[in-house]
file data_28.pdb (PDB, C-alpha atoms)
ATOM      1  CA  MET A  15      98.208  95.636  97.035  1.00  0.00           C
ATOM      2  CA  ASN A  16      98.117  93.902 100.462  1.00  0.00           C
ATOM      3  CA  ASP A  17      96.014  91.693 102.708  1.00  0.00           C
ATOM      4  CA  SER A  18      94.077  94.368 104.601  1.00  0.00           C
ATOM      5  CA  PRO A  19      91.121  95.855 102.685  1.00  0.00           C
ATOM      6  CA  GLU A  20      91.200  98.951 104.885  1.00  0.00           C
ATOM      7  CA  LEU A  21      94.888  99.555 104.224  1.00  0.00           C
ATOM      8  CA  ALA A  22      94.401  98.814 100.516  1.00  0.00           C
ATOM      9  CA  PHE A  23      91.582 101.380 100.374  1.00  0.00           C
ATOM     10  CA  ASP A  24      93.724 103.944 102.191  1.00  0.00           C
ATOM     11  CA  LEU A  25      96.551 103.393  99.689  1.00  0.00           C
ATOM     12  CA  LEU A  26      94.107 103.642  96.781  1.00  0.00           C
ATOM     13  CA  THR A  27      92.695 106.859  98.228  1.00  0.00           C
ATOM     14  CA  THR A  28      96.162 108.358  98.592  1.00  0.00           C
ATOM     15  CA  GLU A  29      97.048 107.372  95.024  1.00  0.00           C
ATOM     16  CA  LEU A  30      93.895 108.947  93.584  1.00  0.00           C
ATOM     17  CA  LEU A  31      94.225 112.112  95.673  1.00  0.00           C
ATOM     18  CA  GLN A  32      97.791 112.640  94.445  1.00  0.00           C
ATOM     19  CA  ASP A  33      96.983 112.127  90.757  1.00  0.00           C
ATOM     20  CA  PRO A  34      96.474 115.537  89.128  1.00  0.00           C
ATOM     21  CA  ASP A  35      94.408 113.944  86.343  1.00  0.00           C
ATOM     22  CA  HIS A  36      91.679 113.006  88.829  1.00  0.00           C
ATOM     23  CA  ASP A  37      89.500 115.534  90.632  1.00  0.00           C
ATOM     24  CA  VAL A  38      89.077 113.327  93.692  1.00  0.00           C
ATOM     25  CA  SER A  39      88.177 114.165  97.251  1.00  0.00           C
ATOM     26  CA  ALA A  40      87.801 111.835 100.207  1.00  0.00           C
ATOM     27  CA  THR A  41      85.112 112.112 102.867  1.00  0.00           C
ATOM     28  CA  ALA A  42      83.742 109.856 105.578  1.00  0.00           C
ATOM     29  CA  THR A  43      81.317 108.386 103.018  1.00  0.00           C
ATOM     30  CA  GLY A  44      83.955 107.498 100.407  1.00  0.00           C
ATOM     31  CA  LEU A  45      85.652 108.876  97.326  1.00  0.00           C
ATOM     32  CA  HIS A  46      84.070 111.655  95.305  1.00  0.00           C
ATOM     33  CA  THR A  47      84.767 113.298  91.978  1.00  0.00           C
ATOM     34  CA  HIS A  48      83.159 116.611  91.119  1.00  0.00           C
ATOM     35  CA  GLY A  49      81.151 116.221  94.341  1.00  0.00           C
ATOM     36  CA  LYS A  50      79.650 112.847  93.367  1.00  0.00           C
ATOM     37  CA  LEU A  51      80.337 109.610  95.262  1.00  0.00           C
ATOM     38  CA  PHE A  52      82.000 107.045  92.996  1.00  0.00           C
ATOM     39  CA  ALA A  53      83.647 104.541  95.357  1.00  0.00           C
ATOM     40  CA  TYR A  54      83.588 103.416  98.973  1.00  0.00           C
ATOM     41  CA  LEU A  55      84.716 100.533 101.159  1.00  0.00           C
ATOM     42  CA  ASP A  56      82.176  98.385 102.967  1.00  0.00           C
ATOM     43  CA  ARG A  57      82.816  95.070 104.731  1.00  0.00           C
ATOM     44  CA  GLY A  58      86.181  94.672 103.052  1.00  0.00           C
ATOM     45  CA  GLN A  59      84.913  95.155  99.517  1.00  0.00           C
ATOM     46  CA  LEU A  60      85.153  98.088  97.138  1.00  0.00           C
ATOM     47  CA  PHE A  61      81.873  99.458  95.815  1.00  0.00           C
ATOM     48  CA  VAL A  62      82.190 101.467  92.587  1.00  0.00           C
ATOM     49  CA  ASP A  63      79.755 103.236  90.270  1.00  0.00           C
ATOM     50  CA  LEU A  64      80.667 102.183  86.716  1.00  0.00           C
ATOM     51  CA  PRO A  65      79.179 102.728  83.266  1.00  0.00           C
ATOM     52  CA  THR A  66      76.489 100.162  82.503  1.00  0.00           C
ATOM     53  CA  THR A  67      78.404  98.274  79.795  1.00  0.00           C
ATOM     54  CA  ARG A  68      81.596  98.046  81.873  1.00  0.00           C
ATOM     55  CA  ALA A  69      79.666  96.858  84.930  1.00  0.00           C
ATOM     56  CA  ALA A  70      77.851  94.217  82.864  1.00  0.00           C
ATOM     57  CA  ASP A  71      81.166  92.945  81.476  1.00  0.00           C
ATOM     58  CA  LEU A  72      82.684  92.636  84.950  1.00  0.00           C
ATOM     59  CA  ILE A  73      79.578  90.913  86.315  1.00  0.00           C
ATOM     60  CA  ASP A  74      79.514  88.467  83.375  1.00  0.00           C
ATOM     61  CA  ARG A  75      83.180  87.583  83.986  1.00  0.00           C
ATOM     62  CA  GLY A  76      82.649  87.135  87.720  1.00  0.00           C
ATOM     63  CA  VAL A  77      84.972  89.997  88.647  1.00  0.00           C
ATOM     64  CA  ALA A  78      82.191  92.050  90.261  1.00  0.00           C
ATOM     65  CA  THR A  79      78.750  91.557  91.747  1.00  0.00           C
ATOM     66  CA  ALA A  80      75.830  93.881  91.060  1.00  0.00           C
ATOM     67  CA  THR A  81      74.614  95.757  94.095  1.00  0.00           C
ATOM     68  CA  SER A  82      72.509  98.736  94.998  1.00  0.00           C
ATOM     69  CA  ALA A  83      74.050 101.744  96.653  1.00  0.00           C
ATOM     70  CA  ALA A  84      71.609 103.332  99.024  1.00  0.00           C
ATOM     71  CA  ARG A  85      74.127 106.133  99.598  1.00  0.00           C
ATOM     72  CA  THR A  86      73.653 107.885  96.266  1.00  0.00           C
ATOM     73  CA  GLN A  87      71.842 108.014  92.944  1.00  0.00           C
ATOM     74  CA  PRO A  88      74.016 106.036  90.508  1.00  0.00           C
ATOM     75  CA  THR A  89      75.201 107.442  87.217  1.00  0.00           C
ATOM     76  CA  GLY A  90      75.771 103.892  85.981  1.00  0.00           C
ATOM     77  CA  VAL A  91      75.636 100.588  87.850  1.00  0.00           C
ATOM     78  CA  TRP A  92      77.038 100.018  91.331  1.00  0.00           C
ATOM     79  CA  VAL A  93      79.101  96.867  91.686  1.00  0.00           C
ATOM     80  CA  ARG A  94      81.144  95.420  94.517  1.00  0.00           C
ATOM     81  CA  VAL A  95      84.605  94.022  93.959  1.00  0.00           C
ATOM     82  CA  ALA A  96      86.309  91.719  96.442  1.00  0.00           C
ATOM     83  CA  GLU A  97      89.701  91.299  94.744  1.00  0.00           C
ATOM     84  CA  VAL A  98      91.975  94.080  95.981  1.00  0.00           C
ATOM     85  CA  GLU A  99      94.185  93.746  92.896  1.00  0.00           C
ATOM     86  CA  ASP A 100      91.315  95.037  90.720  1.00  0.00           C
ATOM     87  CA  TRP A 101      90.584  98.109  92.838  1.00  0.00           C
ATOM     88  CA  PRO A 102      93.006 100.673  91.352  1.00  0.00           C
ATOM     89  CA  GLU A 103      91.881 100.098  87.759  1.00  0.00           C
ATOM     90  CA  LEU A 104      88.177 100.090  88.567  1.00  0.00           C
ATOM     91  CA  ALA A 105      88.311 103.079  90.911  1.00  0.00           C
ATOM     92  CA  ALA A 106      90.138 105.058  88.225  1.00  0.00           C
ATOM     93  CA  GLU A 107      87.442 104.070  85.707  1.00  0.00           C
ATOM     94  CA  ALA A 108      84.631 105.047  88.066  1.00  0.00           C
TER      95      ALA A 108
END
call {"tool": "encode", "arguments": {"input": "data_28.pdb", "output": "structure tokens"}}
result
Amino acid sequence: MNDSPELAFDLLTTELLQDPDHDVSATATGLHTHGKLFAYLDRGQLFVDLPTTRAADLIDRGVATATSAARTQPTGVWVRVAEVEDWPELAAEA
């Protein structure tokens, strides 16, 4: 996407908000679908709430790191992803 995590997150947000297949809203806390937080940016990394098996696969491959999200009750497993190139796919999955 680009070198700035903040700009990359803004572009990702715009993309998700414009996609009619996603019921996404953006607030100061992050991205929500059906009123539930599923992704947010913190310290230049994307945090996403993914299904347990998908999160485990990404962690095993070194694409993501397991983390806790004090902001919300997870529906799956919260992971953080540093590589901006992976953000669109994983945010859409979340």
call {"tool": "resolve_selection", "arguments": {"input": "data_28.pdb", "expression": "the PyMOL selection byres ((chain A and resi 47) around 6)", "output": "MDAnalysis selection string"}}
result
chainID A and resid 37:38 46 48:50
call {"tool": "atom_distance", "arguments": {"input": "data_28.pdb", "atom1": "atom CA of Ala69 of chain A", "atom2": "atom CA of Trp92 of chain A"}}
result
7.6 Å
call {"tool": "closest_residue", "arguments": {"input": "data_28.pdb", "among": "A:Ser82, A:Asp56, A:Ala22, A:Leu45", "to": "Ala108 of chain A", "atoms": "all atoms listed in the file"}}
result
A:Leu45
call {"tool": "residues_around", "arguments": {"input": "data_28.pdb", "residues": "Thr27 of chain A", "least_positions_apart": "6", "cutoff": "10 Å", "atoms": "all atoms listed in the file", "output": "MDAnalysis selection string"}}
result
chainID A and resid 21 38:40 44:45 53:54 102 105
call {"tool": "atom_distance", "arguments": {"input": "data_28.pdb", "atom1": "atom CA of Thr67 of chain A", "atom2": "atom CA of Glu29 of chain A"}}
result
25.7 Å
call {"tool": "closest_residue", "arguments": {"input": "data_28.pdb", "among": "A:Leu25, A:Val77, A:Ala70, A:Leu30", "to": "Arg94 of chain A", "atoms": "all atoms listed in the file"}}
result
A:Val77
call {"tool": "resolve_selection", "arguments": {"input": "data_28.pdb", "expression": "the PyMOL selection byres ((chain A and resi 63) around 6)", "output": "PyMOL selection string"}}
result
chain A and resi 52+62+64+90-92+108
call {"tool": "closest_residue", "arguments": {"input": "data_28.pdb", "among": "A:Thr41, A:Val98, A:Pro65, A:Thr81", "to": "Leu26 of chain A", "atoms": "only C-alpha atoms"}}
result
A:Val98
call {"tool": "atom_distance", "arguments": {"input": "data_28.pdb", "atom1": "atom CA of Ala78 of chain A", "atom2": "atom CA of Val95 of chain A"}}
result
4.8 Å
call {"tool": "axis_aligned_box", "arguments": {"input": "data_28.pdb", "around": "segment 30-49 of chain A", "padding_each_side": "3 Å", "output": "lines of an AutoDock Vina configuration file"}}
result
center_x = 89.5
center_y = 112.1
center_z = 96.0
size_x = 22.6
size_y = 15.1
size_z = 25.2
call {"tool": "residues_near_point", "arguments": {"input": "data_28.pdb", "point": "(84.3, 94.4, 107.1)", "cutoff": "12 Å", "atoms": "only C-alpha atoms", "output": "list in words"}}
result
Ser18, Pro19, Glu20, Leu55, Asp56, Arg57, Gly58, Gln59, Leu60 and Ala96 of chain A
call {"tool": "closest_residue", "arguments": {"input": "data_28.pdb", "among": "A:Val93, A:Arg68, A:Trp101, A:Glu107", "to": "Asp24 of chain A", "atoms": "all atoms listed in the file"}}
result
A:Trp101
